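Next comes model04.txt, with compact mmCIF, C-alpha atoms (C1' of nucleotides).
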# COMPACT_ATOMS: atom_id res chain seq x y z
CA MET A 76 -8.08 0.01 -9.24
CA ARG A 77 -8.26 -1.62 -5.83
CA GLY A 78 -8.37 0.43 -2.63
CA ASP A 79 -5.33 2.24 -1.32
CA PRO A 80 -3.63 1.96 -4.68
CA VAL A 81 -0.94 4.56 -4.07
CA ARG A 82 0.00 3.22 -0.68
CA GLY A 83 3.74 3.43 -0.24
CA HIS A 84 4.24 5.47 -3.41
CA LEU A 85 2.54 8.72 -2.53
CA ASP A 86 5.67 10.68 -1.74
CA GLY A 87 7.17 9.78 -5.07
CA LEU A 88 4.05 10.85 -6.91
CA LEU A 89 3.98 14.22 -5.18
CA LEU A 90 7.66 14.86 -5.72
CA ALA A 91 7.40 13.82 -9.37
CA ALA A 92 4.43 16.11 -9.91
CA LEU A 93 6.55 19.01 -8.71
CA GLU A 94 9.54 18.18 -10.85
CA GLY A 95 8.38 20.43 -13.69
CA GLY A 96 7.99 23.44 -11.44
CA PRO A 97 6.01 24.75 -8.44
CA LEU A 98 2.37 23.79 -8.02
CA HIS A 99 -0.23 24.18 -5.30
CA GLY A 100 -1.99 21.21 -3.73
CA TYR A 101 -5.10 21.25 -5.82
CA ALA A 102 -3.07 21.54 -9.01
CA ILE A 103 -0.94 18.58 -7.93
CA ILE A 104 -4.09 16.49 -7.57
CA THR A 105 -5.29 17.37 -11.06
CA ALA A 106 -1.81 16.96 -12.54
CA VAL A 107 -1.48 13.45 -11.12
CA GLN A 108 -4.93 12.59 -12.36
CA GLN A 109 -4.19 13.80 -15.86
CA ARG A 110 -0.76 12.23 -16.12
CA SER A 111 -2.23 8.88 -15.10
CA ALA A 112 -5.08 9.21 -17.60
CA GLY A 113 -7.60 9.41 -14.79
CA ALA A 114 -6.43 6.31 -12.97
CA LEU A 115 -5.12 8.06 -9.87
CA GLU A 116 -7.52 10.27 -7.96
CA LEU A 117 -5.69 11.47 -4.88
CA ARG A 118 -7.85 12.70 -1.99
CA THR A 119 -7.35 15.94 -0.19
CA GLY A 120 -7.20 14.06 3.09
CA THR A 121 -4.27 12.21 1.59
CA VAL A 122 -2.44 14.99 -0.19
CA TYR A 123 -2.47 17.95 2.17
CA PRO A 124 -1.10 16.14 5.21
CA ALA A 125 1.52 14.53 2.97
CA LEU A 126 2.65 17.86 1.53
CA ASN A 127 2.86 19.22 5.02
CA ARG A 128 4.99 16.31 6.09
CA LEU A 129 7.26 16.61 3.08
CA GLU A 130 7.82 20.25 3.91
CA ARG A 131 8.53 19.43 7.55
CA THR A 132 11.12 16.91 6.48
CA GLY A 133 12.75 19.40 4.13
CA LEU A 134 11.89 17.85 0.77
CA LEU A 135 9.52 20.67 -0.18
CA ARG A 136 9.33 24.39 0.47
CA SER A 137 6.09 26.38 0.29
CA THR A 138 5.04 29.98 -0.22
CA TRP A 139 1.59 31.55 -0.07
CA GLU A 140 0.26 33.03 -3.27
CA SER A 141 -2.71 35.31 -3.68
CA VAL A 142 -4.98 35.25 -6.71
CA GLY A 143 -7.55 37.93 -6.04
CA GLU A 144 -9.06 37.13 -2.69
CA ARG A 145 -8.00 33.52 -2.87
CA ARG A 146 -4.93 32.07 -1.21
CA ARG A 147 -3.00 29.09 -2.44
CA ARG A 148 0.01 27.42 -1.01
CA CYS A 149 2.63 26.83 -3.65
CA TYR A 150 5.09 23.98 -3.21
CA GLU A 151 8.43 23.44 -4.87
CA LEU A 152 11.17 20.85 -4.59
CA THR A 153 14.22 21.53 -2.48
CA ASP A 154 17.59 20.04 -3.37
CA ALA A 155 16.92 17.31 -0.84
CA GLY A 156 13.55 16.80 -2.51
CA ARG A 157 15.21 16.30 -5.87
CA ARG A 158 17.53 13.72 -4.39
CA ALA A 159 14.59 12.04 -2.67
CA LEU A 160 12.77 11.90 -5.99
CA ALA A 161 15.72 10.14 -7.58
CA ASP A 162 15.68 7.67 -4.69
CA GLU A 163 11.95 7.12 -5.10
CA ARG A 164 12.48 6.33 -8.76
CA THR A 165 15.16 3.82 -7.95
CA ALA A 166 12.94 2.27 -5.28
CA TRP A 167 10.04 2.16 -7.73
CA ARG A 168 12.09 0.28 -10.31
CA GLU A 169 13.34 -2.17 -7.71
CA PHE A 170 9.82 -2.62 -6.43
CA THR A 171 8.26 -3.29 -9.82
CA SER A 172 11.12 -5.57 -10.73
CA ALA A 173 10.73 -7.56 -7.52
CA ILE A 174 6.96 -7.96 -7.63
CA GLY A 175 6.94 -8.33 -11.39
CA SER A 176 9.51 -11.10 -11.36
CA VAL A 177 7.09 -13.18 -9.32
CA LEU A 178 3.73 -11.98 -10.52
CA ASP A 179 4.38 -11.23 -14.16
CA PRO A 180 7.66 -12.88 -15.16
CA GLY A 181 7.05 -12.48 -18.89
CA ARG A 182 7.13 -8.70 -18.61
CA ALA A 183 9.58 -8.08 -15.82
CA PRO A 184 12.53 -10.43 -16.27
CA ARG A 185 14.18 -11.65 -13.15
CA PRO A 186 17.11 -9.60 -11.93
CA ALA A 187 20.42 -11.03 -13.17
CA THR A 188 21.55 -13.91 -11.03
CA MET B 274 12.93 -1.87 0.12
CA ARG B 275 10.68 0.21 2.32
CA GLY B 276 8.34 -1.40 4.85
CA ASP B 277 5.17 -3.15 3.74
CA PRO B 278 6.51 -3.52 0.24
CA VAL B 279 4.03 -6.15 -0.93
CA ARG B 280 1.01 -4.32 0.41
CA GLY B 281 -1.92 -4.74 -1.94
CA HIS B 282 -0.12 -7.30 -4.09
CA LEU B 283 0.19 -10.21 -1.72
CA ASP B 284 -2.66 -12.25 -3.15
CA GLY B 285 -1.19 -12.00 -6.63
CA LEU B 286 2.20 -13.12 -5.39
CA LEU B 287 0.78 -16.16 -3.64
CA LEU B 288 -1.38 -17.15 -6.57
CA ALA B 289 1.52 -16.68 -8.97
CA ALA B 290 3.80 -18.79 -6.79
CA LEU B 291 1.30 -21.63 -7.09
CA GLU B 292 0.85 -21.38 -10.83
CA GLY B 293 3.57 -23.94 -11.50
CA GLY B 294 2.04 -26.53 -9.20
CA PRO B 295 1.11 -27.18 -5.56
CA LEU B 296 3.35 -25.90 -2.78
CA HIS B 297 3.12 -25.64 0.99
CA GLY B 298 3.36 -22.33 2.84
CA TYR B 299 7.02 -22.46 3.72
CA ALA B 300 7.91 -23.42 0.16
CA ILE B 301 5.87 -20.51 -1.15
CA ILE B 302 7.87 -18.14 1.01
CA THR B 303 11.18 -19.46 -0.28
CA ALA B 304 9.91 -19.58 -3.87
CA VAL B 305 8.89 -15.93 -3.76
CA GLN B 306 12.19 -15.02 -2.20
CA GLN B 307 14.15 -16.85 -4.87
CA ARG B 308 12.12 -15.60 -7.82
CA SER B 309 12.59 -12.02 -6.62
CA ALA B 310 16.33 -12.53 -6.14
CA GLY B 311 15.98 -12.09 -2.40
CA ALA B 312 14.06 -8.83 -2.55
CA LEU B 313 10.80 -10.16 -1.14
CA GLU B 314 10.90 -11.83 2.25
CA LEU B 315 7.34 -12.66 3.15
CA ARG B 316 6.61 -13.22 6.84
CA THR B 317 4.77 -16.16 8.25
CA GLY B 318 2.38 -13.76 9.98
CA THR B 319 1.58 -12.43 6.54
CA VAL B 320 1.48 -15.61 4.50
CA TYR B 321 -0.40 -18.16 6.59
CA PRO B 322 -3.44 -16.01 7.31
CA ALA B 323 -3.50 -14.98 3.65
CA LEU B 324 -3.42 -18.58 2.42
CA ASN B 325 -6.20 -19.38 4.81
CA ARG B 326 -8.27 -16.51 3.50
CA LEU B 327 -7.63 -17.45 -0.12
CA GLU B 328 -8.84 -20.95 0.62
CA ARG B 329 -11.91 -19.63 2.39
CA THR B 330 -12.76 -17.50 -0.63
CA GLY B 331 -12.31 -20.45 -2.96
CA LEU B 332 -9.17 -19.40 -4.83
CA LEU B 333 -7.05 -22.15 -3.28
CA ARG B 334 -7.63 -25.68 -2.11
CA SER B 335 -5.41 -27.42 0.45
CA THR B 336 -4.53 -30.94 1.46
CA TRP B 337 -2.40 -32.18 4.33
CA GLU B 338 0.74 -34.04 3.44
CA SER B 339 2.93 -36.11 5.73
CA VAL B 340 6.69 -36.37 5.40
CA GLY B 341 7.74 -38.68 8.18
CA GLU B 342 6.39 -37.20 11.38
CA ARG B 343 6.05 -33.76 9.85
CA ARG B 344 2.85 -32.36 8.46
CA ARG B 345 2.61 -29.80 5.71
CA ARG B 346 -0.37 -28.17 4.19
CA CYS B 347 -0.20 -28.21 0.43
CA TYR B 348 -2.02 -25.54 -1.52
CA GLU B 349 -3.05 -25.51 -5.15
CA LEU B 350 -4.96 -23.16 -7.39
CA THR B 351 -8.62 -23.72 -8.09
CA ASP B 352 -10.18 -22.65 -11.38
CA ALA B 353 -11.40 -19.50 -9.65
CA GLY B 354 -7.86 -19.00 -8.41
CA ARG B 355 -6.51 -19.18 -11.92
CA ARG B 356 -9.00 -16.57 -13.06
CA ALA B 357 -8.15 -14.42 -10.04
CA LEU B 358 -4.48 -14.66 -10.95
CA ALA B 359 -5.23 -13.40 -14.45
CA ASP B 360 -7.15 -10.50 -12.91
CA GLU B 361 -4.27 -9.75 -10.55
CA ARG B 362 -1.90 -9.60 -13.51
CA THR B 363 -4.16 -7.18 -15.32
CA ALA B 364 -4.49 -5.06 -12.18
CA TRP B 365 -0.72 -5.13 -11.72
CA ARG B 366 -0.12 -3.84 -15.24
CA GLU B 367 -2.67 -1.09 -14.81
CA PHE B 368 -1.18 -0.20 -11.47
CA THR B 369 2.40 0.03 -12.70
CA SER B 370 1.27 1.93 -15.75
CA ALA B 371 -0.65 4.46 -13.64
CA ILE B 372 2.03 5.08 -11.05
CA GLY B 373 4.81 4.84 -13.60
CA SER B 374 3.23 7.41 -15.88
CA VAL B 375 3.54 9.95 -13.09
CA LEU B 376 6.64 8.80 -11.27
CA ASP B 377 8.78 7.44 -14.04
CA PRO B 378 7.39 8.69 -17.35
CA GLY B 379 10.48 7.76 -19.34
CA ARG B 380 9.97 4.07 -18.62
CA ALA B 381 6.22 3.72 -18.42
CA PRO B 382 4.67 5.72 -21.23
CA ARG B 383 1.32 7.29 -20.53
CA PRO B 384 -1.69 5.23 -21.50
CA ALA B 385 -2.96 6.12 -24.96
CA THR B 386 -5.13 9.21 -24.88
C1' DT C 394 23.15 -30.76 23.45
C1' DT C 395 22.65 -26.95 21.17
C1' DC C 396 21.82 -24.61 17.03
C1' DA C 397 19.78 -23.85 12.58
C1' DA C 398 16.51 -25.15 9.22
C1' DT C 399 11.94 -26.73 8.30
C1' DA C 400 7.07 -26.12 9.19
C1' DT C 401 2.45 -23.92 10.80
C1' DG C 402 0.10 -20.87 13.19
C1' DT C 403 -1.83 -16.57 16.49
C1' DT C 404 -1.87 -12.02 18.73
C1' DG C 405 -1.34 -7.31 19.02
C1' DG C 406 0.37 -3.10 17.13
C1' DT C 407 1.38 0.45 13.65
C1' DT C 408 1.28 2.64 9.42
C1' DG C 409 -0.79 5.11 5.93
C1' DC C 410 -4.43 6.05 3.18
C1' DC C 411 -9.47 7.08 2.88
C1' DA C 412 -14.14 8.97 3.91
C1' DA C 413 -16.39 12.49 5.83
C1' DT C 414 -16.54 16.91 7.22
C1' DA C 415 -15.65 21.85 7.38
C1' DC C 416 -15.00 26.25 5.39
C1' DA C 417 -14.19 30.06 1.95
C1' DT C 418 -13.88 32.30 -2.83
C1' DA C 419 -15.30 32.53 -7.74
C1' DG C 420 -17.99 32.09 -11.76
C1' DC C 421 -21.78 30.55 -14.30
C1' DA C 422 -26.61 29.51 -15.29
C1' DC C 423 -31.29 30.34 -14.41
C1' DG D 357 -30.19 36.72 -6.11
C1' DT D 358 -29.98 31.88 -5.78
C1' DG D 359 -28.14 27.75 -6.37
C1' DC D 360 -24.61 24.79 -8.34
C1' DT D 361 -20.09 23.71 -9.59
C1' DA D 362 -15.25 24.41 -9.53
C1' DT D 363 -11.41 26.01 -6.99
C1' DG D 364 -8.79 25.79 -2.84
C1' DT D 365 -6.97 24.28 2.04
C1' DA D 366 -7.36 21.57 6.00
C1' DT D 367 -8.69 18.20 10.06
C1' DT D 368 -10.72 14.15 12.18
C1' DG D 369 -11.63 9.46 12.90
C1' DG D 370 -11.57 4.88 11.13
C1' DC D 371 -9.81 0.74 9.29
C1' DA D 372 -7.39 -2.71 6.40
C1' DA D 373 -3.26 -4.90 5.75
C1' DC D 374 0.94 -6.08 6.84
C1' DC D 375 4.61 -6.78 10.41
C1' DA D 376 6.98 -8.12 14.76
C1' DA D 377 6.93 -11.17 18.20
C1' DC D 378 5.66 -15.17 20.06
C1' DA D 379 4.40 -20.17 20.45
C1' DT D 380 5.22 -24.89 19.13
C1' DA D 381 7.14 -29.12 16.95
C1' DT D 382 10.28 -32.09 13.95
C1' DT D 383 14.80 -32.88 11.80
C1' DG D 384 19.60 -32.94 11.09
C1' DA D 385 24.16 -31.26 11.66
C1' DA D 386 28.13 -29.61 14.58
Mind turning the file's structure into structure tokens?
Amino acid sequence: MRGDPVRGHLDGLLLAALEGGPLHGYAIITAVQQRSAGALELRTGTVYPALNRLERTGLLRSTWESVGERRRRCYELTDAGRRALADERTAWREFTSAIGSVLDPGRAPRPAT
Amino acid sequence: MRGDPVRGHLDGLLLAALEGGPLHGYAIITAVQQRSAGALELRTGTVYPALNRLERTGLLRSTWESVGERRRRCYELTDAGRRALADERTAWREFTSAIGSVLDPGRAPRPAT
DNA sequence: TTCAATATGTTGGTTGCCAATACATAGCAC
DNA sequence: GTGCTATGTATTGGCAACCAACATATTGAA
């Protein structure tokens, strides 16, 4: 997969990963990797700043967890985050429909005229 | 549609627009716009440098046309361009499958395990 | 005569992800 | 007891790719 593959879709991926319940950053990375069958390998330099930003903008909320001596920061969706996820899904469908209608018209039929 | 929507998929769009026959830059822009039902409005600052690059790398070939006093540069796919288009389609399907399996699992089933 | 459409191009800026780096705990193999 | 890997969070600097704005010219309609 060509460089910067998730560009523009990162927020949606992170929100979607958290839809099933709270996860910490590292677990989000592995969850995304597994759900995409290994295709998407998010980098820490990509994920942690993004999670931080999503919390700042109110789409996520975080709490610190302790497992023995180790600390993890656990993120969960807020109500606004759930709404944002729905919006990301809509945007994703519009996006794939738009690009697909030009690039791959057999698979993604043109929007009704 | 959020900013930079075509990022990473521009080459595929341009190649696909030319699959049906030669077109000049301005016509490519309107063709993409029409085929996407208005969703994709490519900018001249995006398209012309990209066409130039695709010609430099041998995926397109161009000839100057004259219509009255006006000059247009007509692009067409080379054989390499046709192969590149096929690759772009494959990459597009893999891309949508990967992102979709995380973001929109109901619509884009996970790749076979 | 002014405006919009047609037509091609360049320049500079921003965005957003990535690579590299840093650091700490935990568990396993040897 | 030492190293290696996995787990875990975070920052910094860089850069590619697209966009906005600008520049220029012809054509045709109001």
How close does chain B get to chain C? List, as a Markdown table, each residue of chain B within 10 Å, its nearest atom pair and the distance in Å to one decimal, counting only C-alpha atoms (C1' of nucleotides).
| residue | atom | partner | partner_atom | distance |
| --- | --- | --- | --- | --- |
| B:Gly276 | CA | C:DT408 | C1' | 9.3 |
| B:Asp277 | CA | C:DT408 | C1' | 9.0 |
| B:His297 | CA | C:DA400 | C1' | 9.1 |
| B:Gly298 | CA | C:DT401 | C1' | 8.2 |
| B:Tyr299 | CA | C:DA400 | C1' | 6.6 |
| B:Ala300 | CA | C:DA400 | C1' | 9.5 |
| B:Thr317 | CA | C:DG402 | C1' | 8.3 |
| B:Gly318 | CA | C:DG402 | C1' | 8.1 |
| B:Tyr321 | CA | C:DG402 | C1' | 7.2 |
| B:Pro322 | CA | C:DG402 | C1' | 8.4 |
| B:Arg343 | CA | C:DA400 | C1' | 7.7 |
| B:Arg344 | CA | C:DA400 | C1' | 7.6 |
| B:Arg345 | CA | C:DA400 | C1' | 6.7 |
| B:Arg346 | CA | C:DT401 | C1' | 8.3 |
- Give me, please, the distance in Å between C1' of DA373 (chain D) and CA of Gly281 (chain B), quoted to one decimal.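 Value for the C1' of DA373 (chain D)-CA of Gly281 (chain B) distance: 7.8 Å.
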- Between B:Glu342, B:Leu291, B:Thr330, B:Pro378, which is the closest to chain D once you count only C-alpha atoms (C1' of nucleotides)?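 Comparing B:Glu342, B:Leu291, B:Thr330, B:Pro378 against chain D, the winner is B:Glu342.
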Using only the atoms of region 364-378 of chain B listed in the file, plus 8 Å on each side, state the axis-aligned box centre and edge lengths in Å rounded to one decimal, as lines of an AutoDock Vina configuration file.
center_x = 2.1
center_y = 2.4
center_z = -14.2
size_x = 29.3
size_y = 31.1
size_z = 22.3
- As a check of understanding: the span from CA of Leu350 (chain B) to CA of Leu333 (chain B) is 4.7 Å
- Query: CA of Leu287 (chain B) to CA of Ala312 (chain B): how many Å, to one decimal?
  - Reply: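 Computing it gives 15.2 Å between the two atoms.
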Proximity of chain D to chain A: per-residue shortest pair, 10 Å limit, all atoms listed in the file, as a tab-separated table:
residue	atom	partner	partner_atom	distance
D:DT363	C1'	A:Tyr101	CA	8.0
D:DG364	C1'	A:Tyr101	CA	6.6
D:DT365	C1'	A:Arg147	CA	7.7
D:DA366	C1'	A:Tyr123	CA	7.2
D:DT367	C1'	A:Gly120	CA	8.2
D:DT368	C1'	A:Gly120	CA	9.7
D:DA372	C1'	A:Asp79	CA	9.4
- Message: Counting all atoms listed in the file, a student should be able to say which residues of chain B come within 8 Å of chain A; what is the right answer, written as a ChimeraX atom specification?
- Response: /B:274,277-282,285-286,289-290,305,308-310,312-313,362,364,367-372,374-377,383-384,386
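Using all atoms listed in the file, the shortest contact distance between Leu296 (chain B) and any of B:Gly341, B:Ala353, B:Leu324, B:Gly379 is found at B:Leu324.
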- Message: With distances taken over all atoms listed in the file, which residue among B:Ile301, B:Leu315, B:Ala357, B:Val340 lies nearest DT382 (chain D)?
- Response: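 Distance minimum relative to DT382 (chain D) lands on B:Val340.
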- For the point (4.2, 27.8, -2.8) in file coordinates, what residues are within 7 Å, counting only C-alpha atoms (C1' of nucleotides)? Give the answer as number ranges by chain? A: 97-99, 136-140, 148-151
I need region 121-132 of chain A from the structure I supplied, saved as a compact mmCIF listing (two decimals), in the first residue's frame with all heavy atoms retained.
# COMPACT_ATOMS: atom_id res chain seq x y z
N THR A 121 1.92 8.79 14.62
CA THR A 121 0.66 9.17 14.00
C THR A 121 -0.48 9.09 15.00
O THR A 121 -1.30 10.01 15.10
CB THR A 121 0.35 8.21 12.82
OG1 THR A 121 1.40 8.27 11.89
CG2 THR A 121 -0.96 8.57 12.15
N VAL A 122 -0.49 8.01 15.77
CA VAL A 122 -1.66 7.72 16.61
C VAL A 122 -1.73 8.59 17.85
O VAL A 122 -2.77 9.20 18.14
CB VAL A 122 -1.65 6.23 17.00
CG1 VAL A 122 -2.69 5.95 18.07
CG2 VAL A 122 -1.90 5.37 15.77
N TYR A 123 -0.62 8.67 18.60
CA TYR A 123 -0.71 9.36 19.89
C TYR A 123 -1.07 10.83 19.74
O TYR A 123 -1.94 11.32 20.47
CB TYR A 123 0.57 9.14 20.69
CG TYR A 123 0.70 7.71 21.18
CD1 TYR A 123 1.68 6.86 20.69
CD2 TYR A 123 -0.18 7.21 22.12
CE1 TYR A 123 1.79 5.55 21.13
CE2 TYR A 123 -0.09 5.89 22.57
CZ TYR A 123 0.90 5.07 22.07
OH TYR A 123 1.00 3.78 22.50
N PRO A 124 -0.44 11.55 18.85
CA PRO A 124 -0.89 12.95 18.68
C PRO A 124 -2.34 13.04 18.25
O PRO A 124 -3.07 13.95 18.66
CB PRO A 124 0.04 13.49 17.60
CG PRO A 124 1.25 12.62 17.65
CD PRO A 124 0.75 11.26 18.04
N ALA A 125 -2.79 12.08 17.43
CA ALA A 125 -4.18 12.13 16.96
C ALA A 125 -5.15 11.88 18.11
O ALA A 125 -6.18 12.55 18.22
CB ALA A 125 -4.39 11.11 15.85
N LEU A 126 -4.83 10.91 18.95
CA LEU A 126 -5.70 10.63 20.10
C LEU A 126 -5.79 11.86 21.00
O LEU A 126 -6.86 12.23 21.48
CB LEU A 126 -5.17 9.44 20.89
CG LEU A 126 -5.29 8.09 20.19
CD1 LEU A 126 -4.56 7.00 20.98
CD2 LEU A 126 -6.75 7.71 19.99
N ASN A 127 -4.64 12.46 21.21
CA ASN A 127 -4.59 13.67 22.00
C ASN A 127 -5.50 14.76 21.43
O ASN A 127 -6.28 15.39 22.16
CB ASN A 127 -3.15 14.16 22.03
CG ASN A 127 -2.81 14.78 23.35
OD1 ASN A 127 -3.29 15.87 23.64
ND2 ASN A 127 -2.02 14.07 24.16
N ARG A 128 -5.40 14.92 20.13
CA ARG A 128 -6.21 15.93 19.47
C ARG A 128 -7.70 15.60 19.57
O ARG A 128 -8.52 16.48 19.84
CB ARG A 128 -5.78 16.03 18.00
CG ARG A 128 -6.65 16.90 17.14
CD ARG A 128 -6.07 17.08 15.74
NE ARG A 128 -5.63 15.84 15.13
CZ ARG A 128 -6.44 14.93 14.60
NH1 ARG A 128 -7.75 15.11 14.62
NH2 ARG A 128 -5.96 13.83 14.06
N LEU A 129 -8.03 14.34 19.40
CA LEU A 129 -9.44 13.95 19.47
C LEU A 129 -9.99 14.15 20.88
O LEU A 129 -11.17 14.43 21.06
CB LEU A 129 -9.60 12.49 19.03
CG LEU A 129 -9.35 12.24 17.54
CD1 LEU A 129 -9.35 10.75 17.22
CD2 LEU A 129 -10.40 12.96 16.69
N GLU A 130 -9.13 13.99 21.87
CA GLU A 130 -9.59 14.27 23.23
C GLU A 130 -9.78 15.78 23.42
O GLU A 130 -10.77 16.22 24.00
CB GLU A 130 -8.60 13.73 24.26
CG GLU A 130 -9.13 13.92 25.69
CD GLU A 130 -8.27 13.25 26.74
OE1 GLU A 130 -7.07 13.00 26.46
OE2 GLU A 130 -8.79 12.98 27.84
N ARG A 131 -8.82 16.54 22.91
CA ARG A 131 -8.92 18.00 23.04
C ARG A 131 -10.18 18.52 22.40
O ARG A 131 -10.82 19.45 22.91
CB ARG A 131 -7.70 18.68 22.38
CG ARG A 131 -6.59 19.03 23.32
CD ARG A 131 -5.57 20.02 22.74
NE ARG A 131 -5.55 20.15 21.31
CZ ARG A 131 -4.72 19.49 20.49
NH1 ARG A 131 -3.85 18.64 20.98
NH2 ARG A 131 -4.75 19.68 19.19
N THR A 132 -10.56 17.92 21.30
CA THR A 132 -11.76 18.40 20.60
C THR A 132 -13.03 17.73 21.10
O THR A 132 -14.10 17.92 20.53
CB THR A 132 -11.62 18.18 19.08
OG1 THR A 132 -11.38 16.79 18.83
CG2 THR A 132 -10.46 18.98 18.51
